Amino acid sequence: ESVVTADMATPLLDFSATSISFVYSYEPNVPLKPQEAPLTFRNISKLPLGISIRTGAPFHVDRPDWLLEPDEAASVNIRFDAGFKQERVSTTVKNKLTLTYHETPHKDTINLTGEINYPNLSLSTQKVDFGSVLNDTTKRVQLSIKNVSKVEANYNWTFVEDIDDGACLPMAGTGRLKKAQNKLR
């Protein structure tokens, strides 16, 4: 009679964080630079571990492939590129950092979040129609402008004359909004 015994080693890493967050807030005249954050991990299994680390844009890792001996620790830098889109619209980007172990189907993930804050305004309407206005009379239409971002918004507004029918005389104004709401009359 034969007896077979086995010691099954599960691939296991201990991580310094279960999620990593980045925040970019626009500042005038300050160049946009990628942000970095470290992630440290330690092999707490009994066997050496081969690991591949992957993520998607706008997140990147500086070193994707590793071989860790038991109890060995390593660190990768995770980079977030807030300028991955050209439009300046506030948004939050979520992705995962996936760690795949070689020679086993086991995977671990780290949640990644990138918050991008630009000065963005919301108008109560996209079209202001004064209708017919007689000469030497006035008409007012109320318009609300709201800062929908987490950063201060400076804005300029202009009424531009419609070349085809001369519907509006040129006028201009400026303003600054924090998180409050302005009304134009």
# chains A, B, ... in the order shown; residues from 1 in each chain; ligands from 1
$ closest_atom_pairs --of "stretch 115-156 of chain A" --to "stretch 65-82 of chain A" --cutoff "10 Å" --atoms "only C-alpha atoms" --output "JSON lines"
{"residue": "A:Glu115", "atom": "CA", "partner": "A:Ala82", "partner_atom": "CA", "distance": 8.2}
{"residue": "A:Ile116", "atom": "CA", "partner": "A:Ala82", "partner_atom": "CA", "distance": 6.4}
{"residue": "A:Asn117", "atom": "CA", "partner": "A:Ala82", "partner_atom": "CA", "distance": 9.4}
$ write_last_selection --atoms "N, CA, C and O atoms" --output "PDB file, in the first residue's frame"
ATOM      1  N   GLU A 115      -9.497  60.867 -10.562  1.00  0.00           N
ATOM      2  CA  GLU A 115     -10.483  61.958 -10.595  1.00  0.00           C
ATOM      3  C   GLU A 115      -9.835  63.155 -11.276  1.00  0.00           C
ATOM      4  O   GLU A 115      -8.746  63.582 -10.895  1.00  0.00           O
ATOM      5  N   ILE A 116     -10.516  63.688 -12.294  1.00  0.00           N
ATOM      6  CA  ILE A 116     -10.006  64.821 -13.067  1.00  0.00           C
ATOM      7  C   ILE A 116     -10.980  65.982 -12.903  1.00  0.00           C
ATOM      8  O   ILE A 116     -12.165  65.837 -13.199  1.00  0.00           O
ATOM      9  N   ASN A 117     -10.485  67.120 -12.407  1.00  0.00           N
ATOM     10  CA  ASN A 117     -11.329  68.283 -12.147  1.00  0.00           C
ATOM     11  C   ASN A 117     -10.900  69.470 -13.004  1.00  0.00           C
ATOM     12  O   ASN A 117      -9.780  69.955 -12.867  1.00  0.00           O
TER      13      ASN A 117
END
$ residues_around --residues "A:Lys107" --least-positions-apart "2" --cutoff "10 Å" --atoms "only C-alpha atoms" --output "list in words"
Pro11, Leu12, Ile51, Ser52, Ile53, Thr98, Leu99, Thr100, Tyr101, His102, Thr104, Pro105 and Thr109 of chain A
$ select_by_dssp --residues "stretch 11-185 of chain A" --states "strand (DSSP E or B)" --output "count of residues only"
88
$ closest_residue --among "A:Lys139, A:Arg88, A:His60, A:Lys127" --to "A:Tyr24" --atoms "only C-alpha atoms"
A:Arg88
$ residues_around --residues "A:Thr91" --least-positions-apart "3" --cutoff "12 Å" --atoms "only C-alpha atoms" --output "list in words"
Val23, Tyr24, Ser25, Ala82, Gly83, Phe84, Lys85, Glu87, Arg88, Lys94, Thr113, Gly114, Glu115, Ile116, Asn117, Tyr118, Pro119, Asn120, Val148, Ser149 and Lys150 of chain A
$ write_last_selection --atoms "C-alpha atoms" --output "mmCIF file, in the first residue's frame"
data_model
loop_
_atom_site.group_PDB
_atom_site.id
_atom_site.type_symbol
_atom_site.label_atom_id
_atom_site.label_comp_id
_atom_site.auth_asym_id
_atom_site.auth_seq_id
_atom_site.Cartn_x
_atom_site.Cartn_y
_atom_site.Cartn_z
ATOM 1 C CA VAL A 23 -6.822 63.445 -8.078
ATOM 2 C CA TYR A 24 -5.942 66.107 -10.653
ATOM 3 C CA SER A 25 -7.386 69.614 -10.253
ATOM 4 C CA ALA A 82 -4.880 63.002 -16.426
ATOM 5 C CA GLY A 83 -4.194 64.471 -19.881
ATOM 6 C CA PHE A 84 -5.173 61.307 -21.756
ATOM 7 C CA LYS A 85 -8.161 63.153 -23.254
ATOM 8 C CA GLU A 87 -11.253 67.932 -23.902
ATOM 9 C CA ARG A 88 -11.251 69.645 -20.527
ATOM 10 C CA LYS A 94 -11.961 53.699 -12.942
ATOM 11 C CA THR A 113 -9.457 55.610 -9.599
ATOM 12 C CA GLY A 114 -8.455 58.827 -11.315
ATOM 13 C CA GLU A 115 -10.483 61.958 -10.595
ATOM 14 C CA ILE A 116 -10.006 64.821 -13.067
ATOM 15 C CA ASN A 117 -11.329 68.283 -12.147
ATOM 16 C CA TYR A 118 -11.623 71.102 -14.680
ATOM 17 C CA PRO A 119 -13.674 74.302 -14.361
ATOM 18 C CA ASN A 120 -16.944 73.292 -16.037
ATOM 19 C CA VAL A 148 -20.597 71.927 -11.763
ATOM 20 C CA SER A 149 -16.955 71.247 -10.940
ATOM 21 C CA LYS A 150 -14.821 71.178 -7.799
#
$ closest_residue --among "A:Leu143, A:Leu121, A:Val93, A:Val151" --to "A:Phe59" --atoms "only C-alpha atoms"
A:Val93
$ atom_distance --atom1 "atom CA of A:Leu49" --atom2 "atom CA of A:His106"
11.5 Å
